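Listing of my_file04.cif, mmCIF, C-alpha atoms
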```
data_start
loop_
_atom_site.group_PDB
_atom_site.id
_atom_site.type_symbol
_atom_site.label_atom_id
_atom_site.label_comp_id
_atom_site.auth_asym_id
_atom_site.auth_seq_id
_atom_site.Cartn_x
_atom_site.Cartn_y
_atom_site.Cartn_z
ATOM 1 C CA MET A 1 3.233 -1.467 -24.111
ATOM 2 C CA TYR A 2 5.378 0.530 -21.643
ATOM 3 C CA GLU A 3 6.007 3.113 -24.356
ATOM 4 C CA ARG A 4 2.248 3.538 -24.922
ATOM 5 C CA ILE A 5 1.661 3.959 -21.193
ATOM 6 C CA LYS A 6 4.531 6.444 -20.909
ATOM 7 C CA ASN A 7 3.158 8.551 -23.775
ATOM 8 C CA HIS A 8 -0.471 8.379 -22.601
ATOM 9 C CA ALA A 9 -1.875 11.670 -21.259
ATOM 10 C CA PRO A 10 -2.583 11.737 -17.523
ATOM 11 C CA LEU A 11 -6.150 10.744 -16.660
ATOM 12 C CA TRP A 12 -6.856 14.001 -14.851
ATOM 13 C CA LYS A 13 -5.987 15.902 -18.014
ATOM 14 C CA LEU A 14 -8.190 13.691 -20.203
ATOM 15 C CA TYR A 15 -11.078 14.045 -17.768
ATOM 16 C CA ALA A 16 -10.665 17.822 -17.665
ATOM 17 C CA GLU A 17 -10.717 17.985 -21.455
ATOM 18 C CA SER A 18 -13.809 15.774 -21.719
ATOM 19 C CA THR A 19 -15.706 17.887 -19.170
ATOM 20 C CA GLY A 20 -14.521 21.228 -20.501
ATOM 21 C CA ILE A 21 -12.654 22.217 -17.334
ATOM 22 C CA ASP A 22 -9.574 24.433 -17.564
ATOM 23 C CA SER A 23 -7.057 22.076 -15.985
ATOM 24 C CA THR A 24 -4.140 24.494 -16.370
ATOM 25 C CA ARG A 25 -5.405 26.826 -13.633
ATOM 26 C CA ILE A 26 -6.176 23.959 -11.259
ATOM 27 C CA ALA A 27 -2.836 22.264 -11.908
ATOM 28 C CA GLU A 28 -0.957 25.520 -11.254
ATOM 29 C CA THR A 29 -2.855 26.077 -7.991
ATOM 30 C CA VAL A 30 -2.107 22.553 -6.785
ATOM 31 C CA ARG A 31 1.545 22.813 -7.853
ATOM 32 C CA LYS A 32 1.913 26.162 -6.041
ATOM 33 C CA GLU A 33 0.371 24.760 -2.825
ATOM 34 C CA TYR A 34 2.617 21.702 -3.046
ATOM 35 C CA GLU A 35 5.760 23.774 -3.525
ATOM 36 C CA GLU A 36 4.823 26.085 -0.633
ATOM 37 C CA GLU A 37 4.338 23.089 1.675
ATOM 38 C CA GLN A 38 7.646 21.605 0.519
ATOM 39 C CA THR A 39 9.393 24.897 1.306
ATOM 40 C CA LYS A 40 7.844 24.934 4.800
ATOM 41 C CA ALA A 41 8.865 21.309 5.363
ATOM 42 C CA ARG A 42 12.472 21.990 4.316
ATOM 43 C CA ALA A 43 12.642 24.842 6.833
ATOM 44 C CA LEU A 44 11.700 22.537 9.735
ATOM 45 C CA ARG A 45 14.574 21.563 11.962
ATOM 46 C CA LYS A 46 12.585 19.181 14.104
ATOM 47 C CA ILE A 47 9.834 16.805 13.068
ATOM 48 C CA PRO A 48 6.701 17.966 14.892
ATOM 49 C CA HIS A 49 4.851 15.470 17.047
ATOM 50 C CA LEU A 50 1.169 14.984 16.480
ATOM 51 C CA ARG A 51 -0.132 16.131 19.847
ATOM 52 C CA LYS A 52 -3.840 15.760 19.095
ATOM 53 C CA LEU A 53 -5.471 13.514 16.541
ATOM 54 C CA PRO A 54 -7.652 15.123 13.881
ATOM 55 C CA GLU A 55 -11.408 15.090 14.553
ATOM 56 C CA TYR A 56 -12.100 12.303 12.059
ATOM 57 C CA TRP A 57 -10.401 9.902 14.494
ATOM 58 C CA ALA A 58 -12.985 10.714 17.225
ATOM 59 C CA PRO A 59 -15.084 7.540 16.654
ATOM 60 C CA TYR A 60 -12.018 5.356 17.293
ATOM 61 C CA SER A 61 -10.728 4.652 20.753
ATOM 62 C CA HIS A 62 -7.530 3.205 22.141
ATOM 63 C CA GLY A 63 -5.441 1.759 19.311
ATOM 64 C CA ARG A 64 -2.486 0.651 21.374
ATOM 65 C CA TYR A 65 -1.930 -2.983 22.284
ATOM 66 C CA LYS A 66 -3.422 -3.955 25.603
ATOM 67 C CA PRO A 67 -2.988 -7.430 27.089
ATOM 68 C CA GLU A 68 -6.569 -7.438 28.391
ATOM 69 C CA TYR A 69 -7.766 -7.506 24.768
ATOM 70 C CA GLU A 70 -6.144 -10.901 24.247
ATOM 71 C CA VAL A 71 -8.676 -13.584 23.352
ATOM 72 C CA ASP A 72 -8.172 -17.323 23.259
ATOM 73 C CA THR A 73 -8.770 -18.227 19.609
ATOM 74 C CA GLY A 74 -8.356 -21.927 20.196
ATOM 75 C CA LEU A 75 -5.423 -22.028 17.774
ATOM 76 C CA SER A 76 -1.873 -22.803 18.717
ATOM 77 C CA PRO A 77 0.895 -20.302 17.861
ATOM 78 C CA GLU A 78 2.231 -22.857 15.362
ATOM 79 C CA ARG A 79 -1.120 -23.061 13.559
ATOM 80 C CA LEU A 80 -1.372 -19.254 13.446
ATOM 81 C CA GLU A 81 2.136 -19.130 11.995
ATOM 82 C CA GLU A 82 1.132 -21.679 9.339
ATOM 83 C CA ILE A 83 -1.953 -19.641 8.397
ATOM 84 C CA THR A 84 0.064 -16.425 8.216
ATOM 85 C CA ALA A 85 2.722 -18.067 6.049
ATOM 86 C CA GLY A 86 0.007 -19.221 3.650
ATOM 87 C CA LEU A 87 -1.373 -15.708 3.368
ATOM 88 C CA VAL A 88 1.943 -14.089 2.459
ATOM 89 C CA ARG A 89 3.498 -16.834 0.312
ATOM 90 C CA VAL A 90 3.708 -16.221 -3.434
ATOM 91 C CA PRO A 91 2.678 -19.308 -5.435
ATOM 92 C CA ASP A 92 5.501 -20.998 -7.361
ATOM 93 C CA ALA A 93 3.632 -20.592 -10.680
ATOM 94 C CA PHE A 94 3.195 -16.838 -10.184
ATOM 95 C CA MET A 95 5.061 -14.809 -12.801
ATOM 96 C CA PHE A 96 6.209 -11.284 -12.072
ATOM 97 C CA ILE A 97 6.304 -8.896 -15.026
ATOM 98 C CA ARG A 98 9.850 -7.762 -15.618
ATOM 99 C CA ARG A 99 10.529 -4.155 -16.417
ATOM 100 C CA SER A 100 13.106 -3.618 -19.082
#
```
Go ahead and express the file in the form of structure tokens.
Amino acid sequence: MYERIKNHAPLWKLYAESTGIDSTRIAETVRKEYEEEQTKARALRKIPHLRKLPEYWAPYSHGRYKPEYEVDTGLSPERLEEITAGLVRVPDAFMFIRRS
């Protein structure tokens, strides 16, 4: 099964073929942009700080923890811990697929 997946053509290529789009030109453009950005990133000596959030964040406000936002949920810290543990616990019968 892994061999079939490995040898399967990428979905973007299959879609391009089925719609008649020349994917070679698009792929080269994307690859060129990616490599240019990688070259710029390698030249940086200091990681830039994001001074201003992009406009799409405008509808959101705050974001940092503020004690005044605390609300009494009526649950004890122990009960919250129990609920959280149940959400992140993997069932004993769950089988992970091994890669070989």
### Task
For Pro10 (chain A), list every protein, DNA or RNA residue within 12 Å, evaluated using only C-alpha atoms, and leave out those in the same chain fewer than 6 positions away; present the list as a PyMOL selection string.
chain A and resi 16-17+23+27
Assuming 8 Å of padding per side, give the centre and edge lengths of the axis-aligned box around every listed atom of region 12-26 of chain A, in Å to one decimal and as lines of an AutoDock Vina configuration file.
```
center_x = -9.9
center_y = 20.3
center_z = -16.5
size_x = 27.6
size_y = 29.1
size_z = 26.5
```
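The spacing separating CA of Val88 (chain A) from CA of Gly74 (chain A) amounts to 22.0 Å.
Atom to atom, CA of Arg31 (chain A) and CA of Tyr15 (chain A) stand 18.3 Å apart.
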### Task
Rounded to one decimal place, report the CA of Ile5 (chain A)-CA of Thr19 (chain A) distance in Å.
22.4 Å
Starting from the incomplete input, reconstruct N, CA and C atoms of region 54-89 of chain A and write that as a compact mmCIF listing (two decimals), keeping the file's coordinate frame.
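Writing the result to result.txt gives the following:
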```txt
# COMPACT_ATOMS: atom_id res chain seq x y z
N PRO A 54 -6.60 14.38 14.56
CA PRO A 54 -7.65 15.12 13.88
C PRO A 54 -9.04 14.60 14.29
N GLU A 55 -10.05 15.43 14.12
CA GLU A 55 -11.41 15.09 14.55
C GLU A 55 -11.95 13.81 13.93
N TYR A 56 -11.53 13.49 12.69
CA TYR A 56 -12.10 12.30 12.06
C TYR A 56 -11.70 11.01 12.77
N TRP A 57 -10.76 11.08 13.71
CA TRP A 57 -10.40 9.90 14.49
C TRP A 57 -11.27 9.76 15.74
N ALA A 58 -12.18 10.71 16.01
CA ALA A 58 -12.98 10.71 17.23
C ALA A 58 -13.77 9.41 17.44
N PRO A 59 -14.33 8.78 16.39
CA PRO A 59 -15.08 7.54 16.65
C PRO A 59 -14.22 6.37 17.12
N TYR A 60 -12.91 6.46 16.92
CA TYR A 60 -12.02 5.36 17.29
C TYR A 60 -11.47 5.59 18.69
N SER A 61 -11.31 4.51 19.43
CA SER A 61 -10.73 4.65 20.75
C SER A 61 -9.57 3.69 20.91
N HIS A 62 -8.70 4.01 21.78
CA HIS A 62 -7.53 3.20 22.14
C HIS A 62 -6.59 3.09 20.95
N GLY A 63 -6.33 1.93 20.44
CA GLY A 63 -5.44 1.76 19.31
C GLY A 63 -4.13 1.10 19.71
N ARG A 64 -3.72 1.29 20.94
CA ARG A 64 -2.49 0.65 21.37
C ARG A 64 -2.79 -0.76 21.88
N TYR A 65 -1.77 -1.61 21.82
CA TYR A 65 -1.93 -2.98 22.28
C TYR A 65 -2.17 -3.00 23.78
N LYS A 66 -3.17 -3.77 24.18
CA LYS A 66 -3.42 -3.96 25.60
C LYS A 66 -3.62 -5.44 25.86
N PRO A 67 -2.88 -5.99 26.81
CA PRO A 67 -2.99 -7.43 27.09
C PRO A 67 -4.40 -7.89 27.42
N GLU A 68 -5.21 -7.02 28.03
CA GLU A 68 -6.57 -7.44 28.39
C GLU A 68 -7.46 -7.69 27.18
N TYR A 69 -7.01 -7.25 25.99
CA TYR A 69 -7.77 -7.51 24.77
C TYR A 69 -7.45 -8.88 24.17
N GLU A 70 -6.50 -9.57 24.73
CA GLU A 70 -6.14 -10.90 24.25
C GLU A 70 -7.33 -11.84 24.39
N VAL A 71 -7.56 -12.63 23.34
CA VAL A 71 -8.68 -13.58 23.35
C VAL A 71 -8.12 -14.94 22.96
N ASP A 72 -8.60 -15.98 23.61
CA ASP A 72 -8.17 -17.32 23.26
C ASP A 72 -8.91 -17.74 21.99
N THR A 73 -8.16 -17.88 20.89
CA THR A 73 -8.77 -18.23 19.61
C THR A 73 -8.93 -19.73 19.45
N GLY A 74 -8.30 -20.48 20.32
CA GLY A 74 -8.36 -21.93 20.20
C GLY A 74 -7.31 -22.47 19.24
N LEU A 75 -6.48 -21.60 18.69
CA LEU A 75 -5.42 -22.03 17.77
C LEU A 75 -4.07 -21.91 18.45
N SER A 76 -3.22 -22.85 18.15
CA SER A 76 -1.87 -22.80 18.72
C SER A 76 -1.04 -21.76 17.96
N PRO A 77 0.02 -21.24 18.57
CA PRO A 77 0.90 -20.30 17.86
C PRO A 77 1.46 -20.89 16.56
N GLU A 78 1.71 -22.21 16.56
CA GLU A 78 2.23 -22.86 15.36
C GLU A 78 1.21 -22.82 14.23
N ARG A 79 -0.06 -23.07 14.57
CA ARG A 79 -1.12 -23.06 13.56
C ARG A 79 -1.32 -21.64 13.02
N LEU A 80 -1.27 -20.63 13.89
CA LEU A 80 -1.37 -19.25 13.45
C LEU A 80 -0.21 -18.89 12.52
N GLU A 81 0.97 -19.38 12.85
CA GLU A 81 2.14 -19.13 12.00
C GLU A 81 1.95 -19.78 10.62
N GLU A 82 1.39 -20.97 10.59
CA GLU A 82 1.13 -21.68 9.34
C GLU A 82 0.11 -20.92 8.48
N ILE A 83 -0.94 -20.41 9.12
CA ILE A 83 -1.95 -19.64 8.40
C ILE A 83 -1.34 -18.36 7.83
N THR A 84 -0.57 -17.66 8.65
CA THR A 84 0.06 -16.42 8.22
C THR A 84 1.01 -16.68 7.05
N ALA A 85 1.79 -17.74 7.14
CA ALA A 85 2.72 -18.07 6.05
C ALA A 85 1.96 -18.32 4.75
N GLY A 86 0.82 -18.97 4.84
CA GLY A 86 0.01 -19.22 3.65
C GLY A 86 -0.56 -17.95 3.03
N LEU A 87 -0.83 -16.97 3.87
CA LEU A 87 -1.37 -15.71 3.37
C LEU A 87 -0.33 -14.85 2.64
N VAL A 88 0.92 -14.97 3.04
CA VAL A 88 1.94 -14.09 2.46
C VAL A 88 2.84 -14.79 1.44
N ARG A 89 2.67 -16.08 1.25
CA ARG A 89 3.50 -16.83 0.31
C ARG A 89 3.04 -16.59 -1.12
```
